[in-house]
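Written out below as structure tokens is the structure these notes cover.
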Amino acid sequence: MMKILEVRNLKKIYTTRFGGNRVTALENVNFEVEAGEYVAIMGESGSGKTTLLNIVASLDRPTSGSVILSGIDLGSVKDKDIAVFRRDHLGFVFQDFNLLDSFSVRDNIFLPLVLSGKRYAEMEKRLTPLAFQLGIGDVLSKFPYEISGGQKQRAAVARAMITEPQLLLADEPTGALDSRSSEELLRLFAELNGRGQTILMVTHSAKAASRAGRVLFIKDGIVFHQIYRGNCRDEEMYQRISDTLTVIATEGQGK
């Protein structure tokens, strides 16, 4: 299998505005993601999981250590080139959708392709199968404020996928959805992964994580534990995740 992502000795220290306090968000994080994997990252609030995702997404720079995406060390990409690199290699799905209300759903989805200079015919050619797969063909001409939360999130997934990213990053993708819409989105992620899309998802939800092939648990800025699905059903995976979260929480109390 080909490695898409390598995270090596990653450390992130934040210094408060006046330099008084240094907060270590990530201590020494190491892991790899292979092409076609579906990996969830879990941890309590403040464990560093969103910081980790932001560094992988090249939205933040580490204090030390490296992130290598498809053989390219993100630290070697110049600041002026990072937005283009991000657009060419990564897709993003956020908790709050990040859709522009003044753009139609179609134009929101097209935005990354417009920025990379793609022709309209190419954009339409990519959108047609995606819209069908995601069940949003009938809302493309509507505006985000006219559609449901579940439809907004599917539009956000379409925007992430239309660039044909090597890695799809999702930050709490079910966080703003009701249970039915969450279920639909998780089914959709499983389908995308089944077609070979590599996914890295940060989530608080044991149910969401139970759909992944592997779950990394972050605690005190390091990868504390990981679970591989193997032949587990979703229900068994959910139980193993819940048990691990209980251990992490109770260990914290015992300090």
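Labels for the structure tokens follow display order: chains A, B, ..., residues from 1 in each chain, ligands from 1.
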
So that I can check the secondary structure, give me every residue of stretch 13-160 of chain A assigned helix (DSSP H, G or I) by backbone DSSP, as a count of residues only. 66

Per-residue nearest contacts stretch 5-80 of chain A to stretch 244-251 of chain A, cut-off 9 Å, using only C-alpha atoms, as a Markdown table:
| residue | atom | partner | partner_atom | distance |
| --- | --- | --- | --- | --- |
| A:Met42 | CA | A:Leu245 | CA | 8.6 |
| A:Gly43 | CA | A:Leu245 | CA | 7.7 |
| A:Glu44 | CA | A:Ala249 | CA | 8.1 |

Report as a short mmCIF file (atom, residue, chain, number, x, y, z; two decimals) with N, CA, C and O atoms, in the first residue's frame all protein, DNA and RNA residues lying within 12 Å of A:Leu69, evaluated on only C-alpha atoms, omitting residues in the same chain fewer than 6 positions from it.
data_model
loop_
_atom_site.label_atom_id
_atom_site.label_comp_id
_atom_site.auth_asym_id
_atom_site.auth_seq_id
_atom_site.Cartn_x
_atom_site.Cartn_y
_atom_site.Cartn_z
N MET A 2 0.36 2.30 -0.63
CA MET A 2 1.11 3.55 -0.69
C MET A 2 0.73 4.45 0.48
O MET A 2 -0.45 4.60 0.80
N LYS A 3 1.74 5.04 1.10
CA LYS A 3 1.48 5.99 2.18
C LYS A 3 1.10 7.33 1.58
O LYS A 3 1.83 7.87 0.75
N ILE A 4 -0.06 7.86 1.99
CA ILE A 4 -0.45 9.20 1.53
C ILE A 4 0.03 10.25 2.52
O ILE A 4 0.45 11.33 2.14
N LEU A 5 -0.04 9.90 3.81
CA LEU A 5 0.28 10.88 4.85
C LEU A 5 1.24 10.27 5.87
O LEU A 5 1.03 9.16 6.33
N GLU A 6 2.30 11.03 6.17
CA GLU A 6 3.21 10.65 7.25
C GLU A 6 3.34 11.84 8.21
O GLU A 6 3.67 12.94 7.78
N VAL A 7 3.06 11.59 9.47
CA VAL A 7 3.20 12.62 10.51
C VAL A 7 4.31 12.16 11.44
O VAL A 7 4.23 11.08 12.01
N ARG A 8 5.37 12.96 11.53
CA ARG A 8 6.56 12.53 12.27
C ARG A 8 6.95 13.55 13.35
O ARG A 8 7.17 14.72 13.04
N GLU A 32 0.88 7.22 10.38
CA GLU A 32 0.84 7.22 8.92
C GLU A 32 -0.56 6.85 8.47
O GLU A 32 -1.29 6.18 9.19
N VAL A 33 -0.94 7.31 7.29
CA VAL A 33 -2.22 6.95 6.69
C VAL A 33 -1.93 6.44 5.28
O VAL A 33 -1.25 7.11 4.49
N GLU A 34 -2.43 5.25 4.99
CA GLU A 34 -2.21 4.67 3.67
C GLU A 34 -3.34 5.05 2.72
O GLU A 34 -4.45 5.39 3.16
N ALA A 35 -3.06 4.99 1.44
CA ALA A 35 -4.07 5.30 0.42
C ALA A 35 -5.28 4.39 0.62
O ALA A 35 -5.15 3.18 0.81
N ILE A 55 -2.86 21.38 11.19
CA ILE A 55 -1.48 21.28 10.69
C ILE A 55 -1.42 20.38 9.46
O ILE A 55 -0.76 20.70 8.47
N VAL A 56 -2.14 19.26 9.50
CA VAL A 56 -2.21 18.38 8.32
C VAL A 56 -2.83 19.12 7.14
O VAL A 56 -2.42 18.95 5.99
N ALA A 57 -3.80 20.01 7.44
CA ALA A 57 -4.48 20.78 6.41
C ALA A 57 -3.64 21.96 5.91
O ALA A 57 -4.08 22.70 5.04
N SER A 58 -2.46 22.13 6.49
CA SER A 58 -1.56 23.25 6.16
C SER A 58 -2.18 24.61 6.48
O SER A 58 -1.80 25.62 5.92
N GLY A 75 6.43 21.43 5.19
CA GLY A 75 7.33 22.47 5.67
C GLY A 75 8.17 23.09 4.56
O GLY A 75 8.70 24.19 4.70
N SER A 76 8.30 22.36 3.43
CA SER A 76 9.12 22.85 2.32
C SER A 76 8.29 23.69 1.33
O SER A 76 8.85 24.29 0.42
N VAL A 77 6.96 23.71 1.52
CA VAL A 77 6.10 24.49 0.61
C VAL A 77 6.07 25.94 1.09
O VAL A 77 5.76 26.22 2.25
N PHE A 85 -1.31 24.51 -3.14
CA PHE A 85 -1.01 23.12 -2.76
C PHE A 85 -2.21 22.49 -2.06
O PHE A 85 -2.61 21.37 -2.35
N ARG A 86 -2.79 23.24 -1.13
CA ARG A 86 -3.95 22.77 -0.37
C ARG A 86 -5.11 22.44 -1.31
O ARG A 86 -5.74 21.39 -1.21
N ASP A 88 -5.02 21.73 -4.45
CA ASP A 88 -4.73 20.65 -5.40
C ASP A 88 -4.72 19.27 -4.74
O ASP A 88 -4.89 18.26 -5.42
N HIS A 89 -4.47 19.21 -3.44
CA HIS A 89 -4.26 17.91 -2.79
C HIS A 89 -5.31 17.53 -1.75
O HIS A 89 -5.46 16.35 -1.44
N LEU A 90 -5.99 18.54 -1.18
CA LEU A 90 -6.84 18.29 -0.02
C LEU A 90 -8.29 18.72 -0.27
O LEU A 90 -8.54 19.69 -0.98
N PRO A 165 -9.58 15.20 -4.45
CA PRO A 165 -8.44 15.32 -3.53
C PRO A 165 -7.82 13.96 -3.21
O PRO A 165 -8.49 12.94 -3.22
N GLN A 166 -6.52 14.00 -2.90
CA GLN A 166 -5.87 12.78 -2.45
C GLN A 166 -6.32 12.44 -1.03
O GLN A 166 -6.38 11.27 -0.67
N LEU A 167 -6.60 13.46 -0.24
CA LEU A 167 -6.99 13.25 1.16
C LEU A 167 -8.18 14.14 1.49
O LEU A 167 -8.14 15.35 1.24
#

List every residue of stretch 21-244 of chain A that DSSP, applied to the backbone of this structure, assigns to strand (DSSP E or B), and report them as number ranges by chain. A: 22-34, 38-42, 64-69, 72-73, 90-94, 167-171, 198-202, 214-219, 222-228

A:His225, A:Ser104, A:Gly36, A:Ile13: which is nearest A:Arg61, counting only C-alpha atoms? A:Ile13

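Within 10 Å of A:Asn30, once only C-alpha atoms are used and residues closer than 4 positions along the same chain are dropped, the contacting residues are Glu6, Val7, Arg8, Asn9, Leu10, Lys11, Gly65, Ser66, Val67, Ile222 and Val223 of chain A.
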
Write a file of the selected residues as a PDB file, in the first residue's frame, keeping all heavy atoms.
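Dumped everything to result.pdb:
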ATOM      1  N   GLU A   6       2.295  11.030   6.174  1.00  0.00           N
ATOM      2  CA  GLU A   6       3.213  10.649   7.252  1.00  0.00           C
ATOM      3  C   GLU A   6       3.344  11.837   8.206  1.00  0.00           C
ATOM      4  O   GLU A   6       3.668  12.942   7.776  1.00  0.00           O
ATOM      5  CB  GLU A   6       4.600  10.308   6.691  1.00  0.00           C
ATOM      6  CG  GLU A   6       4.625   9.135   5.750  1.00  0.00           C
ATOM      7  CD  GLU A   6       5.986   8.989   5.073  1.00  0.00           C
ATOM      8  OE1 GLU A   6       6.956   8.653   5.790  1.00  0.00           O
ATOM      9  OE2 GLU A   6       6.079   9.245   3.864  1.00  0.00           O
ATOM     10  N   VAL A   7       3.060  11.591   9.465  1.00  0.00           N
ATOM     11  CA  VAL A   7       3.198  12.620  10.505  1.00  0.00           C
ATOM     12  C   VAL A   7       4.314  12.157  11.436  1.00  0.00           C
ATOM     13  O   VAL A   7       4.231  11.076  12.014  1.00  0.00           O
ATOM     14  CB  VAL A   7       1.876  12.805  11.279  1.00  0.00           C
ATOM     15  CG1 VAL A   7       2.054  13.772  12.441  1.00  0.00           C
ATOM     16  CG2 VAL A   7       0.773  13.293  10.344  1.00  0.00           C
ATOM     17  N   ARG A   8       5.368  12.961  11.528  1.00  0.00           N
ATOM     18  CA  ARG A   8       6.558  12.534  12.268  1.00  0.00           C
ATOM     19  C   ARG A   8       6.948  13.545  13.348  1.00  0.00           C
ATOM     20  O   ARG A   8       7.168  14.716  13.041  1.00  0.00           O
ATOM     21  CB  ARG A   8       7.742  12.383  11.304  1.00  0.00           C
ATOM     22  CG  ARG A   8       7.564  11.309  10.247  1.00  0.00           C
ATOM     23  CD  ARG A   8       8.758  11.284   9.329  1.00  0.00           C
ATOM     24  NE  ARG A   8       8.630  10.276   8.292  1.00  0.00           N
ATOM     25  CZ  ARG A   8       9.351  10.258   7.185  1.00  0.00           C
ATOM     26  NH1 ARG A   8      10.246  11.210   6.968  1.00  0.00           N
ATOM     27  NH2 ARG A   8       9.181   9.313   6.282  1.00  0.00           N
ATOM     28  N   ASN A   9       7.017  13.056  14.571  1.00  0.00           N
ATOM     29  CA  ASN A   9       7.531  13.844  15.710  1.00  0.00           C
ATOM     30  C   ASN A   9       6.924  15.243  15.779  1.00  0.00           C
ATOM     31  O   ASN A   9       7.628  16.226  16.031  1.00  0.00           O
ATOM     32  CB  ASN A   9       9.064  13.977  15.617  1.00  0.00           C
ATOM     33  CG  ASN A   9       9.736  12.622  15.535  1.00  0.00           C
ATOM     34  OD1 ASN A   9       9.789  12.010  14.482  1.00  0.00           O
ATOM     35  ND2 ASN A   9      10.238  12.134  16.631  1.00  0.00           N
ATOM     36  N   LEU A  10       5.617  15.302  15.570  1.00  0.00           N
ATOM     37  CA  LEU A  10       4.950  16.602  15.462  1.00  0.00           C
ATOM     38  C   LEU A  10       4.774  17.245  16.837  1.00  0.00           C
ATOM     39  O   LEU A  10       4.266  16.630  17.769  1.00  0.00           O
ATOM     40  CB  LEU A  10       3.578  16.418  14.799  1.00  0.00           C
ATOM     41  CG  LEU A  10       3.028  17.629  14.066  1.00  0.00           C
ATOM     42  CD1 LEU A  10       3.931  18.006  12.888  1.00  0.00           C
ATOM     43  CD2 LEU A  10       1.630  17.319  13.540  1.00  0.00           C
ATOM     44  N   LYS A  11       5.199  18.495  16.914  1.00  0.00           N
ATOM     45  CA  LYS A  11       5.072  19.247  18.165  1.00  0.00           C
ATOM     46  C   LYS A  11       4.495  20.619  17.837  1.00  0.00           C
ATOM     47  O   LYS A  11       4.859  21.234  16.825  1.00  0.00           O
ATOM     48  CB  LYS A  11       6.456  19.402  18.813  1.00  0.00           C
ATOM     49  CG  LYS A  11       6.442  20.006  20.203  1.00  0.00           C
ATOM     50  CD  LYS A  11       7.781  19.790  20.881  1.00  0.00           C
ATOM     51  CE  LYS A  11       7.692  20.093  22.371  1.00  0.00           C
ATOM     52  NZ  LYS A  11       8.846  19.612  23.111  1.00  0.00           N
ATOM     53  N   GLY A  65       8.932  18.996  13.888  1.00  0.00           N
ATOM     54  CA  GLY A  65       8.385  17.783  13.295  1.00  0.00           C
ATOM     55  C   GLY A  65       7.923  18.049  11.876  1.00  0.00           C
ATOM     56  O   GLY A  65       8.054  19.164  11.363  1.00  0.00           O
ATOM     57  N   SER A  66       7.408  17.011  11.225  1.00  0.00           N
ATOM     58  CA  SER A  66       7.051  17.168   9.813  1.00  0.00           C
ATOM     59  C   SER A  66       5.759  16.449   9.458  1.00  0.00           C
ATOM     60  O   SER A  66       5.369  15.466  10.088  1.00  0.00           O
ATOM     61  CB  SER A  66       8.188  16.649   8.925  1.00  0.00           C
ATOM     62  OG  SER A  66       8.487  15.302   9.233  1.00  0.00           O
ATOM     63  N   VAL A  67       5.093  16.989   8.432  1.00  0.00           N
ATOM     64  CA  VAL A  67       3.921  16.368   7.815  1.00  0.00           C
ATOM     65  C   VAL A  67       4.260  16.181   6.340  1.00  0.00           C
ATOM     66  O   VAL A  67       4.581  17.146   5.643  1.00  0.00           O
ATOM     67  CB  VAL A  67       2.665  17.253   7.956  1.00  0.00           C
ATOM     68  CG1 VAL A  67       1.497  16.637   7.195  1.00  0.00           C
ATOM     69  CG2 VAL A  67       2.294  17.439   9.421  1.00  0.00           C
ATOM     70  N   ILE A 222      -0.268  13.432  22.536  1.00  0.00           N
ATOM     71  CA  ILE A 222       0.369  12.295  21.856  1.00  0.00           C
ATOM     72  C   ILE A 222      -0.698  11.298  21.411  1.00  0.00           C
ATOM     73  O   ILE A 222      -1.837  11.337  21.881  1.00  0.00           O
ATOM     74  CB  ILE A 222       1.392  11.557  22.771  1.00  0.00           C
ATOM     75  CG1 ILE A 222       0.688  10.958  24.008  1.00  0.00           C
ATOM     76  CG2 ILE A 222       2.525  12.485  23.199  1.00  0.00           C
ATOM     77  CD1 ILE A 222       1.517   9.947  24.751  1.00  0.00           C
ATOM     78  N   VAL A 223      -0.324  10.396  20.490  1.00  0.00           N
ATOM     79  CA  VAL A 223      -1.233   9.307  20.116  1.00  0.00           C
ATOM     80  C   VAL A 223      -1.155   8.274  21.235  1.00  0.00           C
ATOM     81  O   VAL A 223      -0.158   7.573  21.407  1.00  0.00           O
ATOM     82  CB  VAL A 223      -0.855   8.679  18.761  1.00  0.00           C
ATOM     83  CG1 VAL A 223      -1.769   7.492  18.453  1.00  0.00           C
ATOM     84  CG2 VAL A 223      -0.943   9.712  17.644  1.00  0.00           C
TER      85      VAL A 223
END

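What separates atom CA of A:Lys49 from atom CA of A:Arg211 is a distance of 18.2 Å.
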
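You can rank A:Ser102, A:Thr203, A:Gln197, A:Gln95 by their closest distance to A:Leu177 using only C-alpha atoms, and at the top of that list sits A:Gln95.
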
Please provide the set of residues having any atom within 12 Å of stretch 183-193 of chain A, restricted to only C-alpha atoms, with same-chain residues fewer than 6 positions apart removed, written as a short mmCIF file (atom, residue, chain, number, x, y, z; two decimals) with C-alpha atoms, in the first residue's frame.
data_model
loop_
_atom_site.label_atom_id
_atom_site.label_comp_id
_atom_site.auth_asym_id
_atom_site.auth_seq_id
_atom_site.Cartn_x
_atom_site.Cartn_y
_atom_site.Cartn_z
CA ALA A 35 -4.07 5.30 0.42
CA GLY A 36 -7.71 4.23 0.75
CA GLU A 37 -7.77 4.27 4.57
CA TYR A 38 -10.58 5.80 6.63
CA VAL A 39 -9.08 7.07 9.89
CA ALA A 40 -10.90 8.81 12.75
CA VAL A 93 -15.56 19.24 5.24
CA GLN A 95 -18.81 21.25 11.05
CA LEU A 130 -21.22 13.97 -7.76
CA GLN A 133 -24.27 10.42 -5.89
CA LEU A 134 -24.88 12.94 -3.10
CA GLY A 135 -28.59 13.42 -3.84
CA GLY A 149 -28.54 21.16 7.32
CA GLY A 150 -28.10 17.72 5.78
CA GLN A 151 -28.26 19.19 2.26
CA LYS A 152 -25.74 21.88 3.23
CA GLN A 153 -23.32 19.26 4.50
CA ARG A 154 -23.72 17.18 1.32
CA ALA A 155 -23.04 20.34 -0.72
CA ALA A 156 -19.91 20.88 1.40
CA VAL A 157 -18.84 17.28 0.69
CA ALA A 158 -19.40 17.89 -3.04
CA ALA A 160 -14.50 18.99 -1.11
CA MET A 161 -14.71 16.11 -3.59
CA GLU A 164 -10.61 14.96 -6.67
CA PRO A 165 -8.44 15.32 -3.53
CA GLN A 166 -5.87 12.78 -2.45
CA LEU A 167 -6.99 13.25 1.16
CA LEU A 168 -10.41 14.27 2.47
CA LEU A 169 -10.22 16.04 5.86
CA ALA A 170 -13.34 16.29 8.00
CA GLU A 172 -16.59 17.22 13.34
CA PRO A 173 -18.63 16.69 10.14
CA THR A 174 -21.74 15.46 11.99
CA GLY A 175 -21.51 18.07 14.78
CA ALA A 176 -24.23 20.39 13.42
CA LEU A 177 -26.52 17.66 12.04
CA ILE A 199 -10.46 10.09 4.71
CA LEU A 200 -9.08 11.60 7.93
CA MET A 201 -11.85 12.70 10.31
CA THR A 203 -14.82 13.66 15.75
CA SER A 205 -18.81 11.08 18.24
CA LYS A 207 -20.90 6.59 16.50
CA ALA A 208 -19.17 8.52 13.72
CA ALA A 209 -15.78 7.03 14.59
CA SER A 210 -17.24 3.51 14.62
CA ARG A 211 -17.59 3.72 10.83
CA ALA A 212 -13.85 4.23 10.32
CA GLY A 213 -11.30 1.50 9.62
CA ASP A 234 -20.02 -1.14 13.56
#

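Compared by their closest atoms to A:Ile162, and using only C-alpha atoms, the residues A:Arg22, A:Lys78, A:Arg229, A:Arg126 rank with A:Arg126 nearest.
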
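Going from atom CA of A:Ser64 to atom CA of A:Gly48 covers 14.9 Å.
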
Extract, using only C-alpha atoms, all DNA, RNA and protein residues at most 12 Å from A:Met123, discarding same-chain residues fewer than 2 positions from it, and format them as a short mmCIF file (atom, residue, chain, number, x, y, z; two decimals) with N, CA and C atoms, in the first residue's frame.
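See out-v5.cif below for the written result:
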data_model
loop_
_atom_site.label_atom_id
_atom_site.label_comp_id
_atom_site.auth_asym_id
_atom_site.auth_seq_id
_atom_site.Cartn_x
_atom_site.Cartn_y
_atom_site.Cartn_z
N ARG A 106 -24.64 25.37 -6.46
CA ARG A 106 -23.76 25.03 -7.59
C ARG A 106 -22.47 25.85 -7.54
N ASP A 107 -22.61 27.18 -7.36
CA ASP A 107 -21.43 28.04 -7.37
C ASP A 107 -20.53 27.82 -6.16
N ASN A 108 -21.13 27.45 -5.02
CA ASN A 108 -20.33 27.08 -3.85
C ASN A 108 -19.46 25.86 -4.16
N ILE A 109 -20.07 24.87 -4.80
CA ILE A 109 -19.34 23.64 -5.13
C ILE A 109 -18.25 23.91 -6.16
N PHE A 110 -18.55 24.80 -7.11
CA PHE A 110 -17.59 25.12 -8.17
C PHE A 110 -16.39 25.95 -7.69
N LEU A 111 -16.54 26.61 -6.53
CA LEU A 111 -15.56 27.62 -6.12
C LEU A 111 -14.10 27.17 -6.20
N PRO A 112 -13.72 25.99 -5.65
CA PRO A 112 -12.30 25.61 -5.74
C PRO A 112 -11.82 25.42 -7.18
N LEU A 113 -12.74 24.98 -8.07
CA LEU A 113 -12.35 24.80 -9.47
C LEU A 113 -12.22 26.14 -10.18
N VAL A 114 -13.08 27.09 -9.82
CA VAL A 114 -12.97 28.45 -10.38
C VAL A 114 -11.62 29.04 -9.99
N LEU A 115 -11.24 28.87 -8.72
CA LEU A 115 -9.97 29.42 -8.24
C LEU A 115 -8.77 28.77 -8.93
N SER A 116 -8.93 27.52 -9.36
CA SER A 116 -7.80 26.86 -10.03
C SER A 116 -7.88 26.99 -11.56
N GLY A 117 -8.84 27.81 -12.03
CA GLY A 117 -8.88 28.15 -13.46
C GLY A 117 -9.47 27.10 -14.38
N LYS A 118 -10.29 26.20 -13.83
CA LYS A 118 -10.92 25.17 -14.67
C LYS A 118 -12.02 25.78 -15.55
N ARG A 119 -12.22 25.19 -16.72
CA ARG A 119 -13.27 25.65 -17.64
C ARG A 119 -14.64 25.18 -17.13
N TYR A 120 -15.69 25.93 -17.52
CA TYR A 120 -17.03 25.63 -17.05
C TYR A 120 -17.46 24.21 -17.45
N ALA A 121 -17.12 23.82 -18.68
CA ALA A 121 -17.53 22.49 -19.17
C ALA A 121 -16.93 21.39 -18.29
N LYS A 125 -18.95 18.74 -15.91
CA LYS A 125 -18.69 17.31 -16.12
C LYS A 125 -18.38 16.62 -14.79
N ARG A 126 -17.64 17.32 -13.91
CA ARG A 126 -17.33 16.74 -12.60
C ARG A 126 -18.53 16.77 -11.66
N LEU A 127 -19.34 17.83 -11.77
CA LEU A 127 -20.45 18.00 -10.83
C LEU A 127 -21.57 16.99 -11.06
N THR A 128 -21.88 16.68 -12.31
CA THR A 128 -23.05 15.85 -12.62
C THR A 128 -23.06 14.53 -11.85
N PRO A 129 -22.00 13.70 -11.93
CA PRO A 129 -22.05 12.44 -11.17
C PRO A 129 -22.01 12.64 -9.66
N LEU A 130 -21.30 13.68 -9.20
CA LEU A 130 -21.22 13.97 -7.76
C LEU A 130 -22.60 14.34 -7.20
N ALA A 131 -23.29 15.23 -7.92
CA ALA A 131 -24.61 15.69 -7.46
C ALA A 131 -25.59 14.52 -7.38
N ALA A 158 -19.58 17.77 -1.58
CA ALA A 158 -19.40 17.89 -3.04
C ALA A 158 -18.29 18.89 -3.35
N ARG A 159 -18.27 20.02 -2.65
CA ARG A 159 -17.22 21.02 -2.87
C ARG A 159 -15.85 20.44 -2.54
N MET A 161 -15.04 17.23 -2.70
CA MET A 161 -14.71 16.11 -3.59
C MET A 161 -14.50 16.51 -5.04
N ILE A 162 -15.00 17.67 -5.44
CA ILE A 162 -14.97 18.04 -6.86
C ILE A 162 -13.54 18.29 -7.35
N THR A 163 -12.62 18.56 -6.41
CA THR A 163 -11.22 18.75 -6.80
C THR A 163 -10.48 17.41 -6.92
N GLU A 164 -11.19 16.31 -6.64
CA GLU A 164 -10.61 14.96 -6.67
C GLU A 164 -9.38 14.89 -5.75
#

Fewer than 2 positions away in the same chain doesn't count, so skip those; otherwise give me all residues within 10 Å of A:Ser141, counting only C-alpha atoms, as a PyMOL selection string. chain A and resi 103-107+137-139+143-144
